[in-house]
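Trainee: Structure provided below as C-alpha cells; questions to follow.
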Amino acid sequence: MSDVIIVGGGFAGNFLAYKLADKGISVKVFEEHRTIGYPSHCSGLVSRKGLSRLGILQEILSRGMVLSAHRCLRIRAYNKSRIIQLSGDELFVIDRPSLDRLLFEKAVNRGAEYYLGEKVSAIEKDGCIKIRTKHYRSKIVVDAEGAAKKLARGFVSRLTETIPALQIDVSARSNKKTDGIIDIYFNTPDFFSWIIPIGDNVFRLGVASRWINDKYKFLSDLAKVKLGSFKVINIFGGLVNTGGPLDKFVFGKVALVGDAAGQTKPTTAGGIVWSGISACLLAKVIELNISGYVNMSAYERLWEKLFGSHVLLMSMIRKILYLGNPQTKLNFLLSLLPSVITVSFDYDFQFDLIQKLTMYSRKNH
C-alpha cells in the first residue's frame, strides 16, 4: 500500500506528486489520459513572480517554455479602454503541456509511480479508489481531477460555480496593431473574452460564458474584427472555476487540491500559482500527518489563513461586477481612470491592485 494516491495528472496532481516524492513519500498517480499534458484547457497565462514563488521559473526559462511575455493588459468595455502596465513583474504565456510534462518528469525521477490511461471510477473516504473491478488503497487519497469534480460529487455537499470556456489559437497577418498587449473584453454577461499574442502573428483567443452557445462563432467573429483574416491552428476548451473554493477540502482520508477544490482566483479563474501553493501546503500537511503530528484538517486551516482574505475580496468584486450589466459598470469605472496606468502589484494576490485602481479613480474623478 502506498502512502498517497493522487487522482489526476494535471498541473496540481503532478506538482503535488513531485513535492511528496521529493520528501520520500511513496506516491501513485492515476491519470485517465495516456499522455501527460493533453488535452489542454488552460490559456497558460501566469506571472513571472508566481513561477518564482513555485520554484520552477528557471527551469521554465531554460527549457524555452515561454511562448510570449507581456507587461500590459488592456481592459475594454463598450467604447472605453484603459491600459494597465505592470511595473516590477511580467506575464508569461507558457506552454502548458510542456510544463505538465516537466513536473511529471520531476515526480518520476524522485520515485513517483504513474498509471496512464487508467480512469478512476470512484473515490471512497476511507482512502480507497476503484478502477473497473480493481480497488487500490492508500493512507491518503488526493482528488486532483480538475474543475469538473465528477468524483468529488460523492462527498462534497456544495459545488461551486464553473463556466464553460473555449479557446482558439490563430495565425493572422493583419495591419491592425496589437503592440503585444493582452486584450480583455467585457462582452459577456457572466465573464469575459480575451486575445493574447503568443508569437509572431499568432494569437490565442478565448471566451468563457454560459450564455454564449456557439463559442467558436463568437471567437471567429472577434478574430475577424480585431485581427482581420486568420487561420485556426488549434482549438481547446474546458471548465473554469469562478465560484471560489469549496467549503471543505478534507473528507476522511481524502483531500482535494487545485481546480477540484476550487482553488482559483474568482476574478480571472487563474489557478496555476494558487494550485501550486496549495499543493505545497498539502504536501507538508501530508508529511506531518503520516508522521503522526497533525490532523489532515490542518490543510484547510493553513489554506484559509493564506488565501481567505483574498478570496473574500475577489468574490465580492465579482458579485458586484456581475450583478446587473458588467459592461455598463466597467465603462463607468474606466472613465474615471487615466488612459495608461503604470502600477506595481501582485498579479496572483490582487488586493493591492484593487486598492491602487481605487486611488487612481479618486484622483481623476
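Residues in the C-alpha cells are numbered from 1 in each chain, the chains being A, B, ... in the order shown, and ligands are numbered from 1 in the order shown.
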Please, which residues of region 13-59 of chain A, numbered as in this document, come out helix (DSSP H, G or I) from DSSP, as a ChimeraX atom specification?

Mentor: /A:13-22,48-53,57-59

Trainee: Restricted to N, CA and C atoms, what would the selected residues look like written as a short mmCIF file (atom, residue, chain, number, x, y, z; two decimals), in the first residue's frame?

Mentor:
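Output file again.cif is given in full below:
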```
data_model
loop_
_atom_site.label_atom_id
_atom_site.label_comp_id
_atom_site.auth_asym_id
_atom_site.auth_seq_id
_atom_site.Cartn_x
_atom_site.Cartn_y
_atom_site.Cartn_z
N GLY A 13 -1.93 17.86 -9.69
CA GLY A 13 -1.57 16.48 -9.33
C GLY A 13 -0.09 16.21 -9.51
N ASN A 14 0.49 16.69 -10.62
CA ASN A 14 1.91 16.47 -10.88
C ASN A 14 2.79 17.24 -9.91
N PHE A 15 2.40 18.47 -9.60
CA PHE A 15 3.20 19.29 -8.69
C PHE A 15 3.18 18.67 -7.29
N LEU A 16 2.01 18.18 -6.86
CA LEU A 16 1.91 17.52 -5.56
C LEU A 16 2.73 16.24 -5.55
N ALA A 17 2.65 15.46 -6.63
CA ALA A 17 3.41 14.20 -6.70
C ALA A 17 4.90 14.48 -6.58
N TYR A 18 5.37 15.52 -7.26
CA TYR A 18 6.77 15.90 -7.20
C TYR A 18 7.17 16.30 -5.78
N LYS A 19 6.34 17.13 -5.13
CA LYS A 19 6.66 17.60 -3.78
C LYS A 19 6.65 16.45 -2.78
N LEU A 20 5.70 15.54 -2.90
CA LEU A 20 5.63 14.40 -1.98
C LEU A 20 6.80 13.44 -2.20
N ALA A 21 7.05 13.09 -3.47
CA ALA A 21 8.14 12.16 -3.77
C ALA A 21 9.48 12.74 -3.34
N ASP A 22 9.61 14.06 -3.44
CA ASP A 22 10.85 14.72 -3.02
C ASP A 22 11.08 14.57 -1.52
N ARG A 48 5.60 36.01 -13.85
CA ARG A 48 6.99 35.61 -13.55
C ARG A 48 7.17 35.41 -12.05
N LYS A 49 6.62 36.34 -11.28
CA LYS A 49 6.74 36.27 -9.82
C LYS A 49 6.09 34.99 -9.29
N GLY A 50 4.95 34.62 -9.87
CA GLY A 50 4.26 33.42 -9.43
C GLY A 50 5.08 32.16 -9.68
N LEU A 51 5.70 32.08 -10.86
CA LEU A 51 6.54 30.92 -11.18
C LEU A 51 7.76 30.87 -10.26
N SER A 52 8.28 32.05 -9.91
CA SER A 52 9.40 32.12 -8.98
C SER A 52 8.97 31.62 -7.60
N ARG A 53 7.75 31.99 -7.19
CA ARG A 53 7.20 31.51 -5.91
C ARG A 53 7.19 29.98 -5.84
N LEU A 57 10.69 28.72 -12.02
CA LEU A 57 10.91 29.75 -13.03
C LEU A 57 12.12 29.45 -13.91
N GLN A 58 13.25 29.14 -13.30
CA GLN A 58 14.48 28.95 -14.07
C GLN A 58 14.40 27.77 -15.02
N GLU A 59 13.76 26.69 -14.58
CA GLU A 59 13.61 25.53 -15.47
C GLU A 59 12.71 25.85 -16.65
#
```

Trainee: Taking the backbone alone, and naming residues the way the document does, which bits of region 100-174 of chain A are strand (DSSP E) by DSSP, as a ChimeraX atom specification?

Mentor: /A:113-116,122-124,128-131,134-143,162-172

Trainee: Between A:Lys134, A:Thr162, A:Leu99, A:Ala12, which one has atoms that come closest to Leu282 (chain A), using only C-alpha atoms?

Mentor: A:Ala12

Trainee: Report as JSON, numbers by chain all protein, DNA and RNA residues lying within 12 Å of Ile181 (chain A), evaluated on only C-alpha atoms, omitting residues in the same chain fewer than 5 positions from it.

Mentor: {"A": [68, 69, 70, 71, 72, 73, 74, 75, 82, 83, 84, 85, 86, 90, 91, 92, 194, 195, 196, 197, 198, 203]}

Trainee: Now that the selection is made, can you save its residues with C-alpha atoms as a PDB file, in the first residue's frame?

Mentor:
```
ATOM      1  CA  SER A  68       5.348  35.210 -25.081  1.00  0.00           C
ATOM      2  CA  ALA A  69       5.948  37.800 -22.353  1.00  0.00           C
ATOM      3  CA  HIS A  70       3.783  40.843 -21.603  1.00  0.00           C
ATOM      4  CA  ARG A  71       3.759  43.892 -19.360  1.00  0.00           C
ATOM      5  CA  CYS A  72       0.462  45.418 -20.467  1.00  0.00           C
ATOM      6  CA  LEU A  73      -3.198  44.483 -20.103  1.00  0.00           C
ATOM      7  CA  ARG A  74      -5.870  46.457 -21.931  1.00  0.00           C
ATOM      8  CA  ILE A  75      -9.322  46.351 -20.323  1.00  0.00           C
ATOM      9  CA  ARG A  82      -7.619  51.509 -20.395  1.00  0.00           C
ATOM     10  CA  ILE A  83      -4.127  50.020 -20.305  1.00  0.00           C
ATOM     11  CA  ILE A  84      -2.674  48.625 -17.085  1.00  0.00           C
ATOM     12  CA  GLN A  85       1.103  48.489 -17.308  1.00  0.00           C
ATOM     13  CA  LEU A  86       2.825  46.179 -14.846  1.00  0.00           C
ATOM     14  CA  GLU A  90       5.612  40.460 -16.299  1.00  0.00           C
ATOM     15  CA  LEU A  91       3.073  37.953 -17.527  1.00  0.00           C
ATOM     16  CA  PHE A  92       4.186  34.854 -19.417  1.00  0.00           C
ATOM     17  CA  TRP A 194      -9.524  37.701 -24.405  1.00  0.00           C
ATOM     18  CA  ILE A 195      -6.918  37.997 -27.133  1.00  0.00           C
ATOM     19  CA  ILE A 196      -3.334  37.156 -26.175  1.00  0.00           C
ATOM     20  CA  PRO A 197      -0.411  37.487 -28.624  1.00  0.00           C
ATOM     21  CA  ILE A 198       1.603  34.256 -28.269  1.00  0.00           C
ATOM     22  CA  PHE A 203      -2.858  34.862 -31.149  1.00  0.00           C
TER      23      PHE A 203
END
```

Trainee: Please determine, counting only C-alpha atoms, which residue among A:Ile272, A:Ala77, A:Ile5, A:Leu334 has the shortest atom-to-atom distance to Cys128 (chain A).

Mentor: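 Looking at the shortest contact to Cys128 (chain A), the residue is A:Ile5.
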
Trainee: Calculate how many Å separate CA of Ala144 (chain A) from CA of Phe11 (chain A), rounding to one decimal.

Mentor: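 We find that CA of Ala144 (chain A) and CA of Phe11 (chain A) lie 8.7 Å from each other.
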
Trainee: For a test of reading the model, state the distance in Å between CA of Gly146 (chain A) and CA of Tyr299 (chain A), rounded to one decimal.

Mentor: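 We find that CA of Gly146 (chain A) and CA of Tyr299 (chain A) lie 18.6 Å from each other.
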
Trainee: Could you check how far CA of Leu227 (chain A) sits from CA of Phe192 (chain A), in Å to one decimal?

Mentor: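 A separation of 18.1 Å between them.
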
Trainee: Looking at only C-alpha atoms, which of A:Gly55, A:Pro266, A:Gly37, A:Pro326 is the one that sits closest to Gly9 (chain A)?

Mentor: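 With only C-alpha atoms as the atom set, the closest residue is A:Gly37.
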
Trainee: Kindly indicate which residue among A:Ser81, A:Ser2, A:Ser220, A:Ser43 lies nearest to Gly271 (chain A), using only C-alpha atoms for the distances.

Mentor: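 Closest residue, counting only C-alpha atoms: A:Ser43.
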
Trainee: Can you tell me, as a PDB file with N, CA and C atoms, in the first residue's frame, what residues are no more than 12 Å from Leu116 (chain A) when counting only C-alpha atoms, ignoring any on the same chain fewer than 5 positions away?

Mentor:
```
ATOM      1  N   VAL A   7      -5.308  11.255  -7.799  1.00  0.00           N
ATOM      2  CA  VAL A   7      -6.175  11.034  -8.957  1.00  0.00           C
ATOM      3  C   VAL A   7      -6.109  12.280  -9.833  1.00  0.00           C
ATOM      4  N   GLY A   8      -5.438  12.165 -10.973  1.00  0.00           N
ATOM      5  CA  GLY A   8      -5.308  13.289 -11.891  1.00  0.00           C
ATOM      6  C   GLY A   8      -3.864  13.695 -12.096  1.00  0.00           C
ATOM      7  N   GLY A   9      -3.427  13.664 -13.345  1.00  0.00           N
ATOM      8  CA  GLY A   9      -2.047  14.035 -13.670  1.00  0.00           C
ATOM      9  C   GLY A   9      -1.954  15.356 -14.402  1.00  0.00           C
ATOM     10  N   GLY A  10      -2.765  16.336 -13.957  1.00  0.00           N
ATOM     11  CA  GLY A  10      -2.641  17.706 -14.468  1.00  0.00           C
ATOM     12  C   GLY A  10      -1.623  18.468 -13.643  1.00  0.00           C
ATOM     13  N   LYS A  28       1.445   7.137  -5.843  1.00  0.00           N
ATOM     14  CA  LYS A  28       0.923   6.588  -7.093  1.00  0.00           C
ATOM     15  C   LYS A  28      -0.023   7.626  -7.706  1.00  0.00           C
ATOM     16  N   VAL A  29       0.145   7.897  -9.004  1.00  0.00           N
ATOM     17  CA  VAL A  29      -0.706   8.857  -9.705  1.00  0.00           C
ATOM     18  C   VAL A  29      -1.476   8.123 -10.792  1.00  0.00           C
ATOM     19  N   PHE A  30      -2.793   8.284 -10.791  1.00  0.00           N
ATOM     20  CA  PHE A  30      -3.646   7.671 -11.803  1.00  0.00           C
ATOM     21  C   PHE A  30      -4.219   8.778 -12.692  1.00  0.00           C
ATOM     22  N   GLU A  31      -3.945   8.681 -13.988  1.00  0.00           N
ATOM     23  CA  GLU A  31      -4.386   9.683 -14.955  1.00  0.00           C
ATOM     24  C   GLU A  31      -5.170   8.987 -16.066  1.00  0.00           C
ATOM     25  N   GLU A  32      -6.371   9.484 -16.343  1.00  0.00           N
ATOM     26  CA  GLU A  32      -7.242   8.817 -17.313  1.00  0.00           C
ATOM     27  C   GLU A  32      -6.730   8.915 -18.752  1.00  0.00           C
ATOM     28  N   HIS A  33      -5.978   9.964 -19.078  1.00  0.00           N
ATOM     29  CA  HIS A  33      -5.445  10.089 -20.433  1.00  0.00           C
ATOM     30  C   HIS A  33      -4.077   9.411 -20.538  1.00  0.00           C
ATOM     31  N   ARG A  34      -3.730   9.016 -21.753  1.00  0.00           N
ATOM     32  CA  ARG A  34      -2.489   8.270 -21.946  1.00  0.00           C
ATOM     33  C   ARG A  34      -1.268   9.169 -22.110  1.00  0.00           C
ATOM     34  N   THR A  35      -1.503  10.460 -22.295  1.00  0.00           N
ATOM     35  CA  THR A  35      -0.404  11.407 -22.484  1.00  0.00           C
ATOM     36  C   THR A  35      -0.530  12.552 -21.487  1.00  0.00           C
ATOM     37  N   ILE A  36       0.526  12.806 -20.734  1.00  0.00           N
ATOM     38  CA  ILE A  36       0.528  13.922 -19.777  1.00  0.00           C
ATOM     39  C   ILE A  36       0.515  15.246 -20.544  1.00  0.00           C
ATOM     40  N   GLY A  37      -0.335  16.162 -20.082  1.00  0.00           N
ATOM     41  CA  GLY A  37      -0.411  17.485 -20.696  1.00  0.00           C
ATOM     42  C   GLY A  37      -1.539  17.648 -21.683  1.00  0.00           C
ATOM     43  N   TYR A  38      -2.189  16.548 -22.049  1.00  0.00           N
ATOM     44  CA  TYR A  38      -3.287  16.622 -23.023  1.00  0.00           C
ATOM     45  C   TYR A  38      -4.514  15.898 -22.467  1.00  0.00           C
ATOM     46  N   PHE A 104       5.860  16.105 -14.356  1.00  0.00           N
ATOM     47  CA  PHE A 104       5.758  14.649 -14.426  1.00  0.00           C
ATOM     48  C   PHE A 104       7.153  14.023 -14.347  1.00  0.00           C
TER      49      PHE A 104
END
```

Trainee: Restricting the calculation to only C-alpha atoms, which member of A:Gln263, A:Tyr322, A:Thr268, A:Ser291 is positioned closest to Phe307 (chain A)?

Mentor: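 When distances to Phe307 (chain A) are compared using only C-alpha atoms, the smallest one comes from A:Gln263.
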
Trainee: Which one is closest to Gly308 (chain A): A:Ser344, A:Thr188, A:Thr328, A:Thr264? Count only C-alpha atoms.

Mentor: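 Result for the nearest residue to Gly308 (chain A): A:Thr264.
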